[in-house]
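Novice: This is the structure I have questions about; it appears just below.
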Amino acid sequence: MLNEDRLFPADPGTRAIARRLYAEVRDLPIVSPHGHTDPAWFALDEAFPDPATLLVVPDHYLLRMLYSQGIPLESLGVRPRDGAAAATGPVETDPRRIWRTVAERWHLYRGTPTRLWWEYSLERVFGVTERLSAATADAIYDRIAECLAKPEFRPRALFERFDIEVLATTESPLDTLEHHKALRSSGWRGRVVTTFRPDPVVDPDTPGFLANLETLGRITGEDTLGWKGYLSALARRRRDFMACGATATDHGHPTASTADLPPDQAAALFETIVSGRASPAQAELFRGQMLTEMARMSLDDGLVMQIHAGVHRGHNDWMRRTFGPNLGDDIPVRGEFVTALKPLLDRFGNERDLTVILFTLDETVYARELAPLAGHYPVLRLGPAWWFHDSPEGMRRYREQTTETAGFYNTVGFNDDTRAFPSIPARHDVARRVDCAYLAGLVAEHRLDEDEAREVAVDLAYRLAKQAYRL
Amino acid sequence: MLNEDRLFPADPGTRAIARRLYAEVRDLPIVSPHGHTDPAWFALDEAFPDPATLLVVPDHYLLRMLYSQGIPLESLGVRPRDGAAAATGPVETDPRRIWRTVAERWHLYRGTPTRLWWEYSLERVFGVTERLSAATADAIYDRIAECLAKPEFRPRALFERFDIEVLATTESPLDTLEHHKALRSSGWRGRVVTTFRPDPVVDPDTPGFLANLETLGRITGEDTLGWKGYLSALARRRRDFMACGATATDHGHPTASTADLPPDQAAALFETIVSGRASPAQAELFRGQMLTEMARMSLDDGLVMQIHAGVHRGHNDWMRRTFGPNLGDDIPVRGEFVTALKPLLDRFGNERDLTVILFTLDETVYARELAPLAGHYPVLRLGPAWWFHDSPEGMRRYREQTTETAGFYNTVGFNDDTRAFPSIPARHDVARRVDCAYLAGLVAEHRLDEDEAREVAVDLAYRLAKQAYRL
Amino acid sequence: MLNEDRLFPADPGTRAIARRLYAEVRDLPIVSPHGHTDPAWFALDEAFPDPATLLVVPDHYLLRMLYSQGIPLESLGVRPRDGAAAATGPVETDPRRIWRTVAERWHLYRGTPTRLWWEYSLERVFGVTERLSAATADAIYDRIAECLAKPEFRPRALFERFDIEVLATTESPLDTLEHHKALRSSGWRGRVVTTFRPDPVVDPDTPGFLANLETLGRITGEDTLGWKGYLSALARRRRDFMACGATATDHGHPTASTADLPPDQAAALFETIVSGRASPAQAELFRGQMLTEMARMSLDDGLVMQIHAGVHRGHNDWMRRTFGPNLGDDIPVRGEFVTALKPLLDRFGNERDLTVILFTLDETVYARELAPLAGHYPVLRLGPAWWFHDSPEGMRRYREQTTETAGFYNTVGFNDDTRAFPSIPARHDVARRVDCAYLAGLVAEHRLDEDEAREVAVDLAYRLAKQAYRL
């Protein structure tokens, strides 16, 4: 059973404050301005197939922990890529067996946010109150399977039950947006919007980059192998995305490097890029130039920019070749923003109509670089603790290391950033509780009055995300 | 109203210990060995003009937060530089309007040290107990303005009321020291001393560097365009500063790099520097060489060295050109001390009559580099949490990350490091409270006995600063 | 007197949980899988000479703090190297005087783990309950000296009284292992095993490296100046060490760099190395190649690999020349593992029969690099907080920054890593208390149920070390 005081400070006086603050935010609607759910779920509204396919196979947090302890991915239902060299064993296709493999090793997740998210989801979404284990695996599996067969567990019903005010998905410029279009004409009143993530046509290191440019050309009717046509095609797709509700772009770059080349040099660089003969340094320069181009377009069309920087994607060569991406082998690297962002900031840093939201996986930059930058430049805001740091300790460090310099109002509330739809309420609940716990500490130490903390709690849980993302 | 328990741990048992420790230090005199107040205030002892000019316009912590939220600097009374391209709007000259702009946005400072400092200063210095807001702005403004008109709010009266035992200001070698000289012959018994900060004649990247060298030559009668005369001029100015009470030098360098070149190479490097044709690497090498030269002079004349390293000053190009320096756009960068300090330490690290105090804005070096270095080399001491980290969480991290390796006795007490004179008691009060809170935690966890914690509390609040700075 | 609640959280509710968890682990046997005690102590079982020689002179934590405060090493009984230029004073040879020098400055250790270890050892091993000070120095000295004269204070008796189940020492491939052999044939049932640490024949920057290779050749009868013979010699010595109980290797490298060269390039690199003309980059490449070679051999023979990376050893030039190594002037440097380990991980990262345990002195890599790596790769495990971070705050940061991503089960329990034999129980006690305090916090905040925390406490104190090190 979930304890009502979970994640609140142990000191009774502080806990009482946290409870009062949480009472103000627990029932606020969910604003989810950045994430990776599949719009097809809401467009088609089909039943989810089975517990393992819904909850285990797409959860790379879950998979990587089991893999790190020697469990082959195949036994968790992950299929090798077509044509990949034989992996280590047969692919498990029985969802119940996959479920048991997780349940038997549930102790591995002690102390991790995965446990917090799962336990909340199992209890609040599916009514499961026993702890997962080898002994309870089958009964819990059956209970969830039974739920999933009912209409009230279809995507739209859950969306409404979760009280989601708005949910953003993330699509590539090559996406047809068919599901978003279907959604908008469906008559369903749930608000699901897209986000423009141009990495596949902006990052020359993307596999199939040149083919992607050609596809972009076909979609837009622009000559995307020329600099001018390429920029026009991007601007055009941004407008298409805005027609599907987008209020933001997102940029997942290996570093936060930006550049601001004179137009002729930018055009020449693009020529080198499309020639396929660009060096790694030129590819990096091009990504940096494109962040500045995107900022320029954002000043025109009002889309908020998000920069998610600093991951070595696909670190495990064998796994990438055998199974493909997003299986837990993305590893953060050291970050740097002060020098990296300077070209973009020298150009647009003092604008009042542009918002650039920064995310990092290198916590050392919170207090040293990001809070001082966001506490100065009007365009900058800090995204919440991200990915590996989307956890109680991670969020606590984020607040402790950013608030004193950047305050609360240069931050943008919470992002669940997830593809695990049933876990969305759990993730927002963790964030609300951890923020209330942090605020309760400030109140208990007389660093903030409780009436002000109450206002901040609502800002962090609800208002700031809406404002920052212009939702 | 300030709560008597502010910044103390919430746990009642630990709080009781913190109260007892704080009772030992709350009324100790203030020793302020490093800061940026204006010696003219104490030399001339004129009334401060108005609340905004005293409290808002010079407070770059305050300004940068408002600027980050889109408030133009002009509306806060900051004037563009002569001849600067037109800024974004007219300069506000009505101090009451400036005051209101701050008061209306007082929520932006929730959770920041600015709030702690201001609220203490308003209540303890000016008797204001209401929270600043749009509604209270005018009444509070009037109250402060009324105070400032009275003789007991003149600089010397406040200095005495603040119980400042000694206050160090910071001057350039090009400064005439006229205010310090006037002070010393004035008969007033307040102890205000200068600090020797040679950056303008040591850092070749200072605007006007060569003209500065010539001015230094005029002041000292030395040939400052030759290496020998240049060094003699610096030694001579150090003696002049010592005659105005200086016990320390201060060096604000972009990095902690040091060098120890053979004399002929040092002389040749200086020749390149004065030729104006030095590369960035040569400028960096020269700054590093000068730190070692300064250490050598300190061994002769006994001045304590301070190194404040690791800031990208004037990061915002447009702001620097339009408004000038020190307006909140100085951004910390990653620090490195182990390799950087080696040349200086190889030369002087084992001396027992030299003290070098290190400051960083990169907290990652506390536990990894600075505490191990200071826990070994006799010359090294750790300066307190600096600038962005001069805050409750910043100070707590500093103690948690340095004490276990360097102990308390390789640290040097508190620096307020401020130009905001009325905030000095507030800043020392925060530091004393946070240190007592930290010590109370050690006592509560039986990691230190209370009689020892009491002694350490007094050391941190008073004795260590006097000893380390030889005051 | 040691307080029974030391290191437990101050909040009474959380403390009560910590007490209950600690009750489960306080009396578990000690498993010490990595350390630097002298096997001769247990082989010869002679009485320890006197309190200072046992407790002060070999404790570099103790020495460096005194040195940092201006106490010459000679006055602590440390001898200059033969032929070293004269040091600063005569070497103190009276152990009582050395003891007094420490006792008079006992306040320097306030807040450090040295105080915790010493106070536990003095009370639990020698029955001393007064605080060390100038006043108590002599009485405490006499008390310990009296103990050391008794048979129950000989090494084997203490080993048994400490309830050590297994203790690993660390030896070079050039070691004769005579003491380990003597131990094994002595009939004493204490389990003392060796660890294979090949740095002196693997790191070309070791003084006397080429002579070491020749010695290795003599010991093994292999041609160690040829690549093939060199590898065979290492494999042979590994087997010799296994015969003396070794279950692990240890690698103390300046960085975590690894390499995986084709065989012919590796052979050519070795040729350059033995020519004595290798560049620093080639030496680094060779160390990296050897980590991969060692991993390959570990897959064959089952030895667990430990990598301790990231120290600048002998930072103080004068001290290294005058007194030699290991006197407190080893300084951590910034660490990097994501790129550094990739060659080794690309080769062996997905193996299920290999264990590589990583240690760092750069805490910034815990959450950013090490936890994500260990939370993915089957071969990787995280060693405990090491050296400067083997302390209450260091251990707390380690758990807070690794658990949420890597969980508890990708960590390996505690290492005391010490040459200070009498402090071993103290160090394990600190680790057990800090882990119970951390777990109690999770329980109090309802992030973990107490029955699960109880199991984790035993795993961290006992089971994980045995499993990970295959003991």
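If you're wondering about the labels, chains in the structure tokens are A, B, ... by order shown, residues count from 1 in each chain, ligands from 1 in order shown.
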Residues near Pro113 of chain C, anyone? I mean within 8 Å using only C-alpha atoms, not counting same-chain ones fewer than 5 positions away, as a PDB file with N, CA and C atoms, in the first residue's frame.

Specialist:
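Final file, out-v9.pdb:
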ATOM      1  N   GLU B 404      35.935  16.901   5.833  1.00  0.00           N
ATOM      2  CA  GLU B 404      36.445  15.564   6.128  1.00  0.00           C
ATOM      3  C   GLU B 404      37.891  15.382   5.681  1.00  0.00           C
TER       4      GLU B 404
ATOM      5  N   ASP C 390      36.139   7.954   1.710  1.00  0.00           N
ATOM      6  CA  ASP C 390      35.828   6.889   2.654  1.00  0.00           C
ATOM      7  C   ASP C 390      35.564   7.567   4.002  1.00  0.00           C
ATOM      8  N   SER C 391      34.390   8.163   4.117  1.00  0.00           N
ATOM      9  CA  SER C 391      34.041   9.058   5.218  1.00  0.00           C
ATOM     10  C   SER C 391      32.522   9.165   5.247  1.00  0.00           C
ATOM     11  N   PRO C 392      31.945   9.605   6.345  1.00  0.00           N
ATOM     12  CA  PRO C 392      30.464   9.649   6.400  1.00  0.00           C
ATOM     13  C   PRO C 392      29.839  10.446   5.266  1.00  0.00           C
TER      14      PRO C 392
END

Novice: Chain A residues within 9 Å of chain B, counting only C-alpha atoms: which ones, as an NGL selection string?

Specialist: :A and (11-14 or 336 or 338-339 or 342 or 345-347 or 349-352 or 364-365 or 367-369 or 372-380 or 400-401 or 403-410 or 439 or 441-442 or 444-448 or 452-453 or 456)

Novice: Looking only at the backbone, which of the residues in segment 193-437 of chain A does DSSP tag as strand (DSSP E), as a CSV table (one decimal) with N, CA, C and O atoms, in the first residue's frame?

Specialist:
chain,number,residue,atom,x,y,z
A,193,VAL,N,-0.8,17.5,-28.2
A,193,VAL,CA,-0.1,18.3,-29.2
A,193,VAL,C,1.2,17.7,-29.6
A,193,VAL,O,1.8,16.9,-28.8
A,248,ALA,N,6.3,24.1,-29.2
A,248,ALA,CA,7.8,24.0,-28.8
A,248,ALA,C,8.5,23.2,-29.9
A,248,ALA,O,7.9,22.3,-30.5
A,249,THR,N,9.8,23.4,-29.9
A,249,THR,CA,10.7,22.5,-30.6
A,249,THR,C,11.6,21.8,-29.6
A,249,THR,O,11.6,22.2,-28.4
A,250,ASP,N,12.3,20.8,-30.0
A,250,ASP,CA,13.2,20.1,-29.1
A,250,ASP,C,14.4,19.6,-29.9
A,250,ASP,O,14.3,19.2,-31.0
A,251,HIS,N,15.6,19.8,-29.3
A,251,HIS,CA,16.8,19.5,-29.9
A,251,HIS,C,17.7,18.6,-29.1
A,251,HIS,O,18.2,19.1,-28.0
A,252,GLY,N,17.9,17.4,-29.5
A,252,GLY,CA,18.7,16.4,-28.7
A,252,GLY,C,20.1,16.3,-29.3
A,252,GLY,O,20.3,15.6,-30.3
A,253,HIS,N,21.0,17.2,-28.8
A,253,HIS,CA,22.3,17.3,-29.5
A,253,HIS,C,23.4,16.6,-28.5
A,253,HIS,O,23.2,16.7,-27.3
A,304,VAL,N,8.7,27.7,-28.6
A,304,VAL,CA,9.7,27.7,-27.5
A,304,VAL,C,10.8,26.6,-27.8
A,304,VAL,O,10.4,25.6,-28.4
A,305,MET,N,12.0,26.9,-27.6
A,305,MET,CA,13.1,26.0,-27.9
A,305,MET,C,13.5,25.2,-26.7
A,305,MET,O,13.7,25.7,-25.6
A,306,GLN,N,13.7,23.8,-26.9
A,306,GLN,CA,14.3,23.0,-25.8
A,306,GLN,C,15.6,22.4,-26.3
A,306,GLN,O,15.6,21.9,-27.4
A,307,ILE,N,16.6,22.5,-25.5
A,307,ILE,CA,17.9,21.9,-25.8
A,307,ILE,C,18.2,20.8,-24.8
A,307,ILE,O,18.4,21.1,-23.6
A,308,HIS,N,18.3,19.5,-25.3
A,308,HIS,CA,18.6,18.4,-24.4
A,308,HIS,C,20.0,18.0,-24.8
A,308,HIS,O,20.2,17.3,-25.9
A,309,ALA,N,21.1,18.3,-24.1
A,309,ALA,CA,22.4,18.1,-24.5
A,309,ALA,C,23.2,17.2,-23.6
A,309,ALA,O,22.9,17.1,-22.4
A,311,VAL,N,24.6,13.5,-24.2
A,311,VAL,CA,24.5,12.1,-24.1
A,311,VAL,C,25.3,11.4,-25.2
A,311,VAL,O,25.2,11.8,-26.3
A,312,HIS,N,26.0,10.4,-24.8
A,312,HIS,CA,26.7,9.5,-25.7
A,312,HIS,C,25.6,8.4,-26.0
A,312,HIS,O,25.4,7.5,-25.2
A,331,ILE,N,24.7,6.9,-22.4
A,331,ILE,CA,25.5,7.3,-21.2
A,331,ILE,C,25.8,8.8,-21.2
A,331,ILE,O,26.3,9.3,-22.3
A,332,PRO,N,25.5,9.5,-20.2
A,332,PRO,CA,25.8,10.9,-20.1
A,332,PRO,C,27.3,11.2,-20.2
A,332,PRO,O,28.1,10.4,-19.8
A,356,VAL,N,14.4,29.8,-24.4
A,356,VAL,CA,15.2,28.6,-24.7
A,356,VAL,C,15.4,27.9,-23.4
A,356,VAL,O,15.9,28.4,-22.4
A,357,ILE,N,14.9,26.6,-23.3
A,357,ILE,CA,14.9,25.8,-22.1
A,357,ILE,C,16.0,24.8,-22.2
A,357,ILE,O,16.1,24.0,-23.1
A,358,LEU,N,16.9,24.8,-21.2
A,358,LEU,CA,18.1,24.0,-21.2
A,358,LEU,C,18.0,22.8,-20.3
A,358,LEU,O,17.5,22.9,-19.1
A,359,PHE,N,18.4,21.7,-20.8
A,359,PHE,CA,18.4,20.4,-20.0
A,359,PHE,C,19.8,19.8,-20.0
A,359,PHE,O,20.5,19.9,-21.0
A,360,THR,N,20.2,19.2,-18.9
A,360,THR,CA,21.6,18.6,-18.8
A,360,THR,C,21.5,17.3,-18.1
A,360,THR,O,20.6,17.1,-17.2
A,380,LEU,N,16.8,32.6,-21.3
A,380,LEU,CA,17.1,31.2,-20.8
A,380,LEU,C,16.2,30.8,-19.7
A,380,LEU,O,15.8,31.6,-18.8
A,381,ARG,N,15.8,29.6,-19.7
A,381,ARG,CA,15.1,29.0,-18.6
A,381,ARG,C,15.7,27.6,-18.4
A,381,ARG,O,16.2,27.0,-19.3
A,382,LEU,N,15.5,27.1,-17.1
A,382,LEU,CA,16.1,25.7,-16.8
A,382,LEU,C,15.0,24.7,-16.9
A,382,LEU,O,14.0,24.8,-16.1

Novice: I'd like the contact shell of segment 419-424 of chain C - 8 Å cut-off, only C-alpha atoms, skipping same-chain residues fewer than 3 positions apart - returned as a ChimeraX atom specification.

Specialist: /C:35-38,54-55,58-59,117-118,120-121,125,158,416,427-428

Novice: Calculate how many Å separate atom CA of Leu174 of chain C from atom CA of Phe42 of chain C, rounding to one decimal.

Specialist: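 So the answer is 20.1 Å.
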
Novice: Can you work out which one of A:Glu160, A:Glu74, A:Asp203, A:Glu24 has the shortest atom-to-atom distance to Cys436 of chain A, counting only C-alpha atoms?

Specialist: A:Glu24

Novice: Could you name the residues that touch segment 91-96 of chain C at 6 Å or less, counting only C-alpha atoms, but leaving out those on the same chain fewer than 4 positions away, as a ChimeraX atom specification?

Specialist: /C:52,74-75,77

Novice: Could you take the residues named above and write them with N, CA and C atoms, as a PDB file, in the first residue's frame?

Specialist:
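Listing of selection.pdb after writing:
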ATOM      1  N   ALA C  52      53.288   4.747  18.662  1.00  0.00           N
ATOM      2  CA  ALA C  52      53.530   5.673  17.553  1.00  0.00           C
ATOM      3  C   ALA C  52      53.888   4.921  16.275  1.00  0.00           C
ATOM      4  N   GLU C  74      59.717  15.025   9.884  1.00  0.00           N
ATOM      5  CA  GLU C  74      60.751  14.431  10.723  1.00  0.00           C
ATOM      6  C   GLU C  74      60.327  14.385  12.184  1.00  0.00           C
ATOM      7  N   SER C  75      59.589  15.385  12.621  1.00  0.00           N
ATOM      8  CA  SER C  75      59.188  15.404  14.027  1.00  0.00           C
ATOM      9  C   SER C  75      58.107  14.367  14.298  1.00  0.00           C
ATOM     10  N   GLY C  77      58.636  11.312  13.047  1.00  0.00           N
ATOM     11  CA  GLY C  77      59.353  10.052  12.917  1.00  0.00           C
ATOM     12  C   GLY C  77      59.542   9.575  11.499  1.00  0.00           C
TER      13      GLY C  77
END

Novice: Any chance you could list, as a list in words, the residues in segment 334-373 of chain C that come up helix (DSSP H, G or I) when DSSP is run on the backbone?

Specialist: Lys342, Pro343, Leu344, Leu345, Asp346, Arg347, Phe348, Thr364, Val365, Tyr366, Ala367, Arg368, Glu369, Leu370, Ala371, Pro372 and Leu373 of chain C

Novice: Could you name the residues that touch Gly190 of chain A at 8 Å or less, counting only C-alpha atoms, but leaving out those on the same chain fewer than 5 positions away, as a list in words?

Specialist: Arg156, Phe159, Glu160, Ile164, Glu165 and Val166 of chain A

Novice: Residues within 9 Å of segment 465-468 of chain C, please, as a list in words. Count only C-alpha atoms; anything in the same chain fewer than 3 positions from it doesn't count.

Specialist: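 After dropping sequence-adjacent residues, the list is Val31, Ser32, Pro33, Val304, Thr355, Ile357, Arg381, Thr411, Val412, Gly413, Phe414, Asn415, Asp459, Leu460, Ala461, Tyr462 and Leu471 of chain C.
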
Novice: With C-alpha atoms kept, could you save the residues just selected as a PDB file, in the first residue's frame?

Specialist:
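So out11.pdb came out as:
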ATOM      1  CA  VAL C  31      34.960  -9.321   4.892  1.00  0.00           C
ATOM      2  CA  SER C  32      37.886  -7.173   3.766  1.00  0.00           C
ATOM      3  CA  PRO C  33      38.369  -7.822   0.051  1.00  0.00           C
ATOM      4  CA  VAL C 304      37.930 -10.183 -10.536  1.00  0.00           C
ATOM      5  CA  THR C 355      33.581  -8.628 -13.191  1.00  0.00           C
ATOM      6  CA  ILE C 357      34.976  -3.077 -10.250  1.00  0.00           C
ATOM      7  CA  ARG C 381      30.261  -3.042 -10.670  1.00  0.00           C
ATOM      8  CA  THR C 411      27.714  -2.126  -5.910  1.00  0.00           C
ATOM      9  CA  VAL C 412      30.067  -4.404  -4.001  1.00  0.00           C
ATOM     10  CA  GLY C 413      29.857  -3.565  -0.293  1.00  0.00           C
ATOM     11  CA  PHE C 414      32.678  -1.980   1.638  1.00  0.00           C
ATOM     12  CA  ASN C 415      36.470  -1.938   1.220  1.00  0.00           C
ATOM     13  CA  ASP C 459      23.919  -7.358   1.650  1.00  0.00           C
ATOM     14  CA  LEU C 460      25.941  -4.135   1.909  1.00  0.00           C
ATOM     15  CA  ALA C 461      27.734  -5.153   5.095  1.00  0.00           C
ATOM     16  CA  TYR C 462      28.555  -8.703   4.162  1.00  0.00           C
ATOM     17  CA  LEU C 471      35.384 -15.035  -1.793  1.00  0.00           C
TER      18      LEU C 471
END

Novice: Using only C-alpha atoms, which residues sit within 9 Å of segment 264-271 of chain B once same-chain residues fewer than 2 positions away are excluded, as JSON, numbers by chain?

Specialist: {"B": [225, 226, 227, 228, 260, 261, 262, 273, 274, 275, 276, 278, 282, 283, 285, 286, 289]}

Novice: Could you please take those selected residues and save all heavy atoms as a short mmCIF file (atom, residue, chain, number, x, y, z; two decimals), in the first residue's frame?

Specialist:
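For reference, out-v1.cif as written:
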data_model
loop_
_atom_site.label_atom_id
_atom_site.label_comp_id
_atom_site.auth_asym_id
_atom_site.auth_seq_id
_atom_site.Cartn_x
_atom_site.Cartn_y
_atom_site.Cartn_z
N LEU B 225 58.19 49.56 -18.00
CA LEU B 225 58.16 48.82 -19.27
C LEU B 225 59.35 47.86 -19.36
O LEU B 225 59.51 47.15 -20.35
CB LEU B 225 58.12 49.79 -20.45
CG LEU B 225 56.85 50.69 -20.44
CD1 LEU B 225 56.82 51.60 -21.66
CD2 LEU B 225 55.57 49.85 -20.38
N GLY B 226 60.17 47.85 -18.35
CA GLY B 226 61.22 46.83 -18.23
C GLY B 226 60.87 45.91 -17.08
O GLY B 226 60.22 46.32 -16.10
N TRP B 227 61.28 44.67 -17.21
CA TRP B 227 60.90 43.62 -16.24
C TRP B 227 61.33 43.98 -14.82
O TRP B 227 60.56 43.86 -13.86
CB TRP B 227 61.50 42.31 -16.71
CG TRP B 227 61.29 41.07 -15.88
CD1 TRP B 227 62.27 40.22 -15.44
CD2 TRP B 227 60.05 40.52 -15.42
NE1 TRP B 227 61.73 39.18 -14.75
CE2 TRP B 227 60.36 39.33 -14.72
CE3 TRP B 227 58.72 40.91 -15.54
CZ2 TRP B 227 59.39 38.53 -14.12
CZ3 TRP B 227 57.75 40.11 -14.94
CH2 TRP B 227 58.08 38.94 -14.24
N LYS B 228 62.58 44.47 -14.70
CA LYS B 228 63.11 44.74 -13.37
C LYS B 228 62.36 45.90 -12.72
O LYS B 228 61.96 45.83 -11.55
CB LYS B 228 64.61 45.06 -13.48
CG LYS B 228 65.42 44.36 -12.40
CD LYS B 228 66.90 44.58 -12.59
CE LYS B 228 67.48 45.26 -11.36
NZ LYS B 228 68.93 45.52 -11.50
N ASP B 260 56.50 29.09 -13.39
CA ASP B 260 57.73 29.45 -12.69
C ASP B 260 58.87 29.39 -13.69
O ASP B 260 59.65 28.45 -13.71
CB ASP B 260 57.96 28.50 -11.51
CG ASP B 260 59.14 28.95 -10.67
OD1 ASP B 260 59.50 30.14 -10.73
OD2 ASP B 260 59.71 28.10 -9.95
N LEU B 261 58.94 30.43 -14.52
CA LEU B 261 59.94 30.48 -15.59
C LEU B 261 61.31 30.88 -15.04
O LEU B 261 61.38 31.62 -14.05
CB LEU B 261 59.51 31.51 -16.63
CG LEU B 261 58.17 31.28 -17.32
CD1 LEU B 261 57.81 32.48 -18.19
CD2 LEU B 261 58.23 30.01 -18.16
N PRO B 262 62.37 30.44 -15.70
CA PRO B 262 63.69 30.97 -15.36
C PRO B 262 63.67 32.50 -15.60
O PRO B 262 62.96 32.98 -16.49
CB PRO B 262 64.62 30.29 -16.36
CG PRO B 262 63.87 29.13 -16.90
CD PRO B 262 62.42 29.47 -16.80
N ILE B 273 54.87 40.84 -23.79
CA ILE B 273 53.62 41.39 -23.25
C ILE B 273 53.56 42.90 -23.50
O ILE B 273 52.55 43.41 -24.01
CB ILE B 273 53.50 41.08 -21.74
CG1 ILE B 273 53.39 39.58 -21.48
CG2 ILE B 273 52.33 41.85 -21.11
CD1 ILE B 273 52.11 38.94 -21.94
N VAL B 274 54.64 43.62 -23.17
CA VAL B 274 54.58 45.08 -23.35
C VAL B 274 54.62 45.47 -24.83
O VAL B 274 54.25 46.59 -25.18
CB VAL B 274 55.70 45.83 -22.58
CG1 VAL B 274 55.54 45.64 -21.08
CG2 VAL B 274 57.07 45.41 -23.04
N SER B 275 55.03 44.54 -25.69
CA SER B 275 54.99 44.84 -27.13
C SER B 275 53.56 44.85 -27.64
O SER B 275 53.30 45.29 -28.75
CB SER B 275 55.79 43.78 -27.90
OG SER B 275 55.03 42.58 -28.00
N GLY B 276 52.63 44.31 -26.82
CA GLY B 276 51.23 44.27 -27.25
C GLY B 276 50.96 43.17 -28.25
O GLY B 276 49.88 43.10 -28.81
N ALA B 278 51.32 39.83 -27.61
CA ALA B 278 51.26 38.52 -26.95
C ALA B 278 50.03 37.74 -27.40
O ALA B 278 48.96 38.31 -27.62
CB ALA B 278 51.22 38.70 -25.44
N GLN B 282 50.28 33.33 -24.28
CA GLN B 282 51.33 34.07 -23.59
C GLN B 282 50.76 34.95 -22.47
O GLN B 282 51.36 35.10 -21.41
CB GLN B 282 52.13 34.91 -24.58
CG GLN B 282 53.05 34.04 -25.47
CD GLN B 282 53.69 34.82 -26.59
OE1 GLN B 282 53.01 35.60 -27.27
NE2 GLN B 282 54.98 34.60 -26.79
N ALA B 283 49.59 35.53 -22.72
CA ALA B 283 48.94 36.32 -21.67
C ALA B 283 48.64 35.44 -20.45
O ALA B 283 48.86 35.82 -19.31
CB ALA B 283 47.66 36.97 -22.20
N LEU B 285 50.16 32.65 -19.66
CA LEU B 285 51.44 32.28 -19.04
C LEU B 285 51.96 33.42 -18.17
O LEU B 285 52.48 33.21 -17.07
CB LEU B 285 52.47 31.94 -20.14
CG LEU B 285 53.84 31.47 -19.67
CD1 LEU B 285 53.74 30.15 -18.90
CD2 LEU B 285 54.80 31.31 -20.86
N PHE B 286 51.78 34.64 -18.66
CA PHE B 286 52.26 35.79 -17.90
C PHE B 286 51.48 35.95 -16.58
O PHE B 286 52.07 36.17 -15.52
CB PHE B 286 52.15 37.07 -18.73
CG PHE B 286 52.69 38.27 -18.01
CD1 PHE B 286 54.06 38.40 -17.79
CD2 PHE B 286 51.84 39.25 -17.52
CE1 PHE B 286 54.57 39.50 -17.10
CE2 PHE B 286 52.34 40.35 -16.83
CZ PHE B 286 53.71 40.47 -16.62
N GLN B 289 52.85 33.39 -14.31
CA GLN B 289 54.18 33.76 -13.80
C GLN B 289 54.04 34.81 -12.70
O GLN B 289 54.73 34.76 -11.67
CB GLN B 289 55.03 34.30 -14.96
CG GLN B 289 56.42 34.77 -14.56
CD GLN B 289 57.29 33.65 -14.02
OE1 GLN B 289 57.09 32.48 -14.37
NE2 GLN B 289 58.23 33.98 -13.15
#

Novice: Using only C-alpha atoms, which residue out of B:Asp27, B:Gly302, B:Thr224, B:Ala437 lies closest to Phe209 of chain B?

Specialist: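 Smallest distance to Phe209 of chain B is found for B:Thr224.
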